[in-house]
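Visitor: Supplied in structure tokens, the structure appears directly below.
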There are 2 protein chains.
Amino acid sequence: MKGYKVAVMGATGLVGQEVIKILVQRKFPVESISLLASDRSAGKKAFFNHDEVEVKETTPESFEGMDIVFSAVETGISKRFAPIAVQAGALVIDKSNAFRTDPAVPLVVPEVNGQDIRWHKGIIASPNCSTIQMVVALNPLHKANPIKRIVVDTYQSVSGTGSAAIEELTAQAKQVLNGQATAPHVYHHQIAFNVLPEIDVFMDNGYSKEEWKMVEETRKIMHADELAISATCVRVPVFISHSEAVNIEFSEAMTPDEVRRILSQSPGIKVLDDPMISLYPQAWAAAGTDEVFVGRIRQDASHPRGIVMWVVADNLRKGAALNAVQIAEEAIKRDWLKPTRNPETVGAGLKPARPGGQE
Amino acid sequence: MKGYKVAVMGATGLVGQEVIKILVQRKFPVESISLLASDRSAGKKAFFNHDEVEVKETTPESFEGMDIVFSAVETGISKRFAPIAVQAGALVIDKSNAFRTDPAVPLVVPEVNGQDIRWHKGIIASPNCSTIQMVVALNPLHKANPIKRIVVDTYQSVSGTGSAAIEELTAQAKQVLNGQATAPHVYHHQIAFNVLPEIDVFMDNGYSKEEWKMVEETRKIMHADELAISATCVRVPVFISHSEAVNIEFSEAMTPDEVRRILSQSPGIKVLDDPMISLYPQAWAAAGTDEVFVGRIRQDASHPRGIVMWVVADNLRKGAALNAVQIAEEAIKRDWLKPTRNPETVGAGLKPARPGGQE
């Protein structure tokens with residue numbers, strides 16, 4: 001089996017560390033690994049499998065000879081280095097917001113639109129964590145019964161913000177329990193024993209960017225430009241895993257049993273749905289796992305064609321690192337690692353067909 | 001000013017304690033106070049204002065001569081003692097679920113349907129905490145522009161369950177921070193650093209009773225039998241205050257500015273809505289306050305007649321104790337303390353007119 005020269009940008013961050021773990025766990029065909037980070041982290045030691053690897057500073061020269069670059073850095077850094085890595089011949093799989101809405105860049109959740117990998121030009125974007133888990137759960141239903149409208153409210157863990165937020169929640173929780181005052185640094189207000197309806201910056205229409213990502217990214221991934229979506233994204237004092245309450249309006253009425261049947265046959269999903277014995281997806285239990293968990297599936301009492309459900313996944317794994325690695329696996333499997341050379345095929349890729357066929 | 005003989009059932013519980021505090025804070029015209037609890041708590045000392053009062057066991061004789069009984073006990077106890085108190089001539093204001101859906105018992109949020117107090121027969125029910133704060137925020141809008149459908153997802157604090165749940169969250173949070181294992185007692189699963197989409201028991205239709213209370217109670221309080229409502233009720237690791245993400249479909253399109261204007265002129269509401277400076281209602285900040293706080297008001301991107309907002313209130317105060325005391329104040333003010341004697345008036349009360357007139 002061919003091995004690949006792999007680089008991980010942001011290798012010391014929460015998602016970067018998770019990428020490294022997942023590459024090992026899934027026996028990804030790594031010929032060589034290069035761990036890249038900011039100059040602050042350069043020189044640190046990290047482990048790949050059982051080998052100690054020195055973390056190097058990311059420079060324009062870091063990408064020479066690389067086949068695949070996993071970019072787990074913030075938007076600005078990604079915008080700077082991703083084009084350089086592409087120039088050097090690598091496929092960049094980027095988890096930042098830098099390229100997600102770029103019509104020339106595919107935005108991919110392999111279970112949903114793996115075929116969009118085909119038309120990449122060197123960069124493939126991995127969606128926002130809260131979007132990924134939702135589309136994994138919704139797409140199989142959408143293919144059976146087109147979705148008209150989604151109302152989603154999220155319960156998002158602090159690990160989505162990064163390791164400083166985990167430290168802040170830990171420190172503040174201790175302070176509150178000890179009767180001490182807290183001071184917010186990472187968030188604008190206290191997050192311990194509180195909930196904050198603020199994730200990313202706010203836009204003029206009153207939605208936060210995080211909420212708007214759920215609108216735009218869901219439409220792009222599911223090839224559903226007309227899909228009506230509203231989201232309220234809320235940070236909760238949970239370390240890992242995002243939970244989502246999702247109200248879905250379908251084209252036709254659909255029973256909860258039908259929803260359960262479709263979801264339990266769909267890739268990447270585990271249905272946990274027996275409320276009578278308190279069985280439903282939970283953030284705490286989902287941490288460290290790969291599936292998108294769905295439960296609390298019921299007929300929406302407020303709409304004849306509505307279904308309500310509860311969707312939980314590990315935001316660092318399926319919501320970020322795992323999805324990125326799965327994109328790379330799919331690109332390798334389909335032999336789509338290198339950009340499409342034929343401009344016609346690329347053009348076709350820019351206006352992908354509605355899903356339902358091949359995928 | 002006339003004083004009243006007041007009894008508080010469940011005087012040692014979280015809500016009972018809050019009732020006592022609020023009676024003092026609001027200078028409720030108390031002639032005598034009787035603090036009642038289970039035999040376990042009998043003999044304990046409590047404070048009313050600066051006076052030490054002995055807690056007595058609740059017995060059928062406890063209610064003789066009482067004018068007003070605040071019942072802050074669980075449903076079963078309330079079902080047993082409320083009729084006895086009524087027989088003894090008292091007005092019972094009950095915060096349990098025992099009588100809320102009884103068509104012969106008014107279910108009252110004074111800002112919304114204070115006029116329903118008129119037709120009581122001795123018992124007035126105070127709604128579920130998550131319902132109260134929602135209807136306070138929605139009713140002024142509903143009167144201006146009838147609401148067709150509500151989708152609400154809640155972020156409910158553990159104090160709604162009682163003091164044992166506060167202890168459980170505290171203990172589990174310490175255990176998690178110390179790397180120890182946790183064992184759930186009050187809830188079915190760990191609540192520290194987790195969220196649980198389970199409040200009260202589940203029904204055959206897949207909704208929990210807590211969710212269904214939001215459906216039935218909202219319709220009854222707002223006199224809106226046709227209102228379509230779906231709720232997902234979720235327990236979050238917060239000590240006090242419930243937060244709610246509410247999507248509202250109106251009869252006609254309505255701007256966020258119009259919503260803000262109406263809400264800022266409505267009783268019991270405080271609009272906190274400037275996301276650009278991270279100003280929005282927060283559970284932590286709402287604890288100990290009396291208002292229902294509303295923010296994140298925006299046009300629903302998924303519906304032309306939709307508005308989305310974020311509603312927060314102290315579930316022990318406006319969600320329970322304060323609302324009960326306000327009901328008593330309103331009954332006194334309108335001279336409706338004693339049940340209506342005229343059977344015709346009572347009959348008329350059973351089918352109350354749609355709101356919009358007097359109230």
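Each chain in the structure tokens gets a letter, A, B, ..., in the order shown, and its residues are numbered from 1; ligands are numbered from 1 in order too.
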Env of Ser159 (chain B): 10 Å cut, atoms = only C-alpha atoms, seq-sep filter 6 positions within chain, self excluded. Answer as number ranges by chain.
Guide: B: 14-15, 165-167, 169, 237-242, 314-316
Visitor: Can you build me a table of chain B residues sitting at most 8 Å from chain A, with the closest atom pair per residue and its distance in Å to one decimal, using only C-alpha atoms, sorted by chain and residue number, as a tab-separated table?
Guide:
```
residue	atom	partner	partner_atom	distance
B:Arg149	CA	A:Ser302	CA	6.7
B:Ile150	CA	A:Ser302	CA	7.5
B:Val151	CA	A:Ser302	CA	7.7
B:Asp153	CA	A:Asp153	CA	6.7
B:Tyr155	CA	A:Val195	CA	7.8
B:Thr170	CA	A:Leu177	CA	7.1
B:Ala173	CA	A:Ala173	CA	7.7
B:Lys174	CA	A:Lys174	CA	7.6
B:Leu177	CA	A:Thr170	CA	7.0
B:His188	CA	A:Ser278	CA	6.8
B:Ala192	CA	A:Val238	CA	8.0
B:Phe193	CA	A:Val238	CA	4.2
B:Asn194	CA	A:Trp284	CA	5.4
B:Val195	CA	A:Ala283	CA	6.6
B:Leu196	CA	A:Gln282	CA	6.6
B:Pro197	CA	A:Tyr280	CA	7.7
B:Glu198	CA	A:Ser278	CA	7.5
B:Val201	CA	A:Met276	CA	7.9
B:Phe202	CA	A:Met276	CA	6.2
B:Asn205	CA	A:Arg298	CA	6.9
B:Gly206	CA	A:Arg298	CA	5.4
B:Tyr207	CA	A:Arg298	CA	7.2
B:Ala228	CA	A:Ser302	CA	4.4
B:Ile229	CA	A:Ser302	CA	4.8
B:Ser230	CA	A:Ser302	CA	5.2
B:Thr232	CA	A:Ala245	CA	6.8
B:Val236	CA	A:Val236	CA	7.6
B:Pro237	CA	A:Phe193	CA	5.7
B:Val238	CA	A:Phe193	CA	4.2
B:Phe239	CA	A:Phe193	CA	6.4
B:Ser243	CA	A:Val195	CA	7.9
B:Ala245	CA	A:Thr232	CA	6.8
B:Asn247	CA	A:Val151	CA	7.9
B:Pro275	CA	A:Phe202	CA	6.5
B:Met276	CA	A:Phe202	CA	6.2
B:Ser278	CA	A:His188	CA	6.8
B:Tyr280	CA	A:Pro197	CA	7.7
B:Gln282	CA	A:Leu196	CA	6.6
B:Ala283	CA	A:Asn194	CA	5.8
B:Trp284	CA	A:Asn194	CA	5.4
B:Arg296	CA	A:Gly206	CA	6.8
B:Ile297	CA	A:Gly206	CA	7.1
B:Arg298	CA	A:Gly206	CA	5.4
B:Gln299	CA	A:Asn205	CA	7.5
B:Asp300	CA	A:Ser230	CA	6.3
B:Ala301	CA	A:Ser230	CA	5.6
B:Ser302	CA	A:Ala228	CA	4.4
B:His303	CA	A:Ala228	CA	7.3
B:Trp310	CA	A:Pro197	CA	7.9
```
Visitor: Report the residues of region 90-225 of chain A whose backbone DSSP state falls under alpha helix (DSSP H), written as a PyMOL selection string.
Guide: chain A and resi 110-113+129-144+163-177+209-221
Visitor: Would you mind listing what lies within 12 Å of Asp51 (chain A) as a CSV table (one decimal) with C-alpha atoms, in the first residue's frame, with only C-alpha atoms counted and same-chain residues fewer than 5 positions away left out?
Guide:
```csv
chain,number,residue,atom,x,y,z
A,20,ILE,CA,-2.7,12.9,14.9
A,24,VAL,CA,-2.9,6.4,14.0
A,32,SER,CA,6.2,10.5,6.8
A,33,ILE,CA,4.6,12.9,9.2
A,45,LYS,CA,7.9,17.2,21.2
A,46,ALA,CA,4.8,15.3,20.2
```
Visitor: Between B:Ala331, B:Ile132, B:Ala164, B:Leu141, single out the one closest to Thr218 (chain B), counting only C-alpha atoms.
Guide: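 With only C-alpha atoms as the atom set, the closest residue is B:Ile132.
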Visitor: Would you mind reading off the distance between CA of Pro60 (chain B) and CA of Val30 (chain B), one decimal, in Å?
Guide: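 Interatomic distance here is 21.7 Å.
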Visitor: Separation of CA of Asp39 (chain A) and CA of Glu57 (chain A), in Å?
Guide: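 That distance, rounded to one decimal, is 5.0 Å.
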Visitor: Find the spatial neighbours of Pro267 (chain B), counting only C-alpha atoms, within a cut-off of 12 Å - ignore same-chain residues fewer than 3 positions away - and output them as a PDB file with N, CA and C atoms, in the first residue's frame.
Guide:
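Dumped to around.pdb:
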```pdb
ATOM      1  N   VAL B 109     -50.653  33.799  35.022  1.00  0.00           N
ATOM      2  CA  VAL B 109     -49.472  34.664  35.054  1.00  0.00           C
ATOM      3  C   VAL B 109     -50.036  36.081  35.046  1.00  0.00           C
ATOM      4  N   PRO B 110     -49.944  36.800  36.151  1.00  0.00           N
ATOM      5  CA  PRO B 110     -50.686  38.065  36.266  1.00  0.00           C
ATOM      6  C   PRO B 110     -50.507  39.015  35.089  1.00  0.00           C
ATOM      7  N   GLU B 111     -49.300  39.128  34.547  1.00  0.00           N
ATOM      8  CA  GLU B 111     -49.091  40.032  33.409  1.00  0.00           C
ATOM      9  C   GLU B 111     -49.893  39.593  32.186  1.00  0.00           C
ATOM     10  N   VAL B 112     -50.226  38.308  32.116  1.00  0.00           N
ATOM     11  CA  VAL B 112     -50.844  37.765  30.910  1.00  0.00           C
ATOM     12  C   VAL B 112     -52.349  37.609  31.069  1.00  0.00           C
ATOM     13  N   VAL B 135     -44.439  32.877  28.275  1.00  0.00           N
ATOM     14  CA  VAL B 135     -45.692  33.600  27.996  1.00  0.00           C
ATOM     15  C   VAL B 135     -45.598  35.080  28.374  1.00  0.00           C
ATOM     16  N   VAL B 136     -44.812  35.400  29.398  1.00  0.00           N
ATOM     17  CA  VAL B 136     -44.614  36.822  29.711  1.00  0.00           C
ATOM     18  C   VAL B 136     -44.027  37.530  28.493  1.00  0.00           C
ATOM     19  N   ALA B 137     -43.066  36.870  27.835  1.00  0.00           N
ATOM     20  CA  ALA B 137     -42.419  37.489  26.673  1.00  0.00           C
ATOM     21  C   ALA B 137     -43.296  37.434  25.433  1.00  0.00           C
ATOM     22  N   LEU B 138     -44.097  36.380  25.291  1.00  0.00           N
ATOM     23  CA  LEU B 138     -44.851  36.220  24.041  1.00  0.00           C
ATOM     24  C   LEU B 138     -46.201  36.928  24.029  1.00  0.00           C
ATOM     25  N   ASN B 139     -46.849  37.030  25.186  1.00  0.00           N
ATOM     26  CA  ASN B 139     -48.226  37.528  25.165  1.00  0.00           C
ATOM     27  C   ASN B 139     -48.383  38.942  24.600  1.00  0.00           C
ATOM     28  N   PRO B 140     -47.515  39.887  24.956  1.00  0.00           N
ATOM     29  CA  PRO B 140     -47.685  41.232  24.386  1.00  0.00           C
ATOM     30  C   PRO B 140     -47.554  41.219  22.861  1.00  0.00           C
ATOM     31  N   ILE B 262     -42.486  46.848  21.482  1.00  0.00           N
ATOM     32  CA  ILE B 262     -43.611  46.299  22.256  1.00  0.00           C
ATOM     33  C   ILE B 262     -43.107  45.715  23.577  1.00  0.00           C
ATOM     34  N   LEU B 263     -42.039  44.931  23.521  1.00  0.00           N
ATOM     35  CA  LEU B 263     -41.558  44.266  24.730  1.00  0.00           C
ATOM     36  C   LEU B 263     -41.056  45.272  25.757  1.00  0.00           C
ATOM     37  N   SER B 264     -40.412  46.343  25.287  1.00  0.00           N
ATOM     38  CA  SER B 264     -39.867  47.273  26.283  1.00  0.00           C
ATOM     39  C   SER B 264     -40.960  48.090  26.961  1.00  0.00           C
ATOM     40  N   LYS B 270     -37.642  42.928  30.595  1.00  0.00           N
ATOM     41  CA  LYS B 270     -36.529  43.834  30.331  1.00  0.00           C
ATOM     42  C   LYS B 270     -35.824  43.362  29.057  1.00  0.00           C
ATOM     43  N   VAL B 271     -35.730  44.258  28.094  1.00  0.00           N
ATOM     44  CA  VAL B 271     -35.039  43.926  26.851  1.00  0.00           C
ATOM     45  C   VAL B 271     -33.554  44.215  27.022  1.00  0.00           C
ATOM     46  N   ASP B 290     -36.152  39.760  39.199  1.00  0.00           N
ATOM     47  CA  ASP B 290     -37.591  39.528  39.024  1.00  0.00           C
ATOM     48  C   ASP B 290     -38.058  39.568  37.574  1.00  0.00           C
ATOM     49  N   GLU B 291     -37.280  40.161  36.689  1.00  0.00           N
ATOM     50  CA  GLU B 291     -37.747  40.363  35.319  1.00  0.00           C
ATOM     51  C   GLU B 291     -37.584  39.118  34.457  1.00  0.00           C
ATOM     52  N   VAL B 292     -38.324  39.128  33.349  1.00  0.00           N
ATOM     53  CA  VAL B 292     -38.063  38.204  32.250  1.00  0.00           C
ATOM     54  C   VAL B 292     -37.217  38.985  31.245  1.00  0.00           C
ATOM     55  N   PHE B 293     -36.034  38.492  30.973  1.00  0.00           N
ATOM     56  CA  PHE B 293     -35.087  39.194  30.105  1.00  0.00           C
ATOM     57  C   PHE B 293     -35.179  38.637  28.676  1.00  0.00           C
ATOM     58  N   GLU B 359     -57.375  43.329  29.759  1.00  0.00           N
ATOM     59  CA  GLU B 359     -56.087  43.015  30.369  1.00  0.00           C
ATOM     60  C   GLU B 359     -54.954  43.835  29.768  1.00  0.00           C
TER      61      GLU B 359
END
```
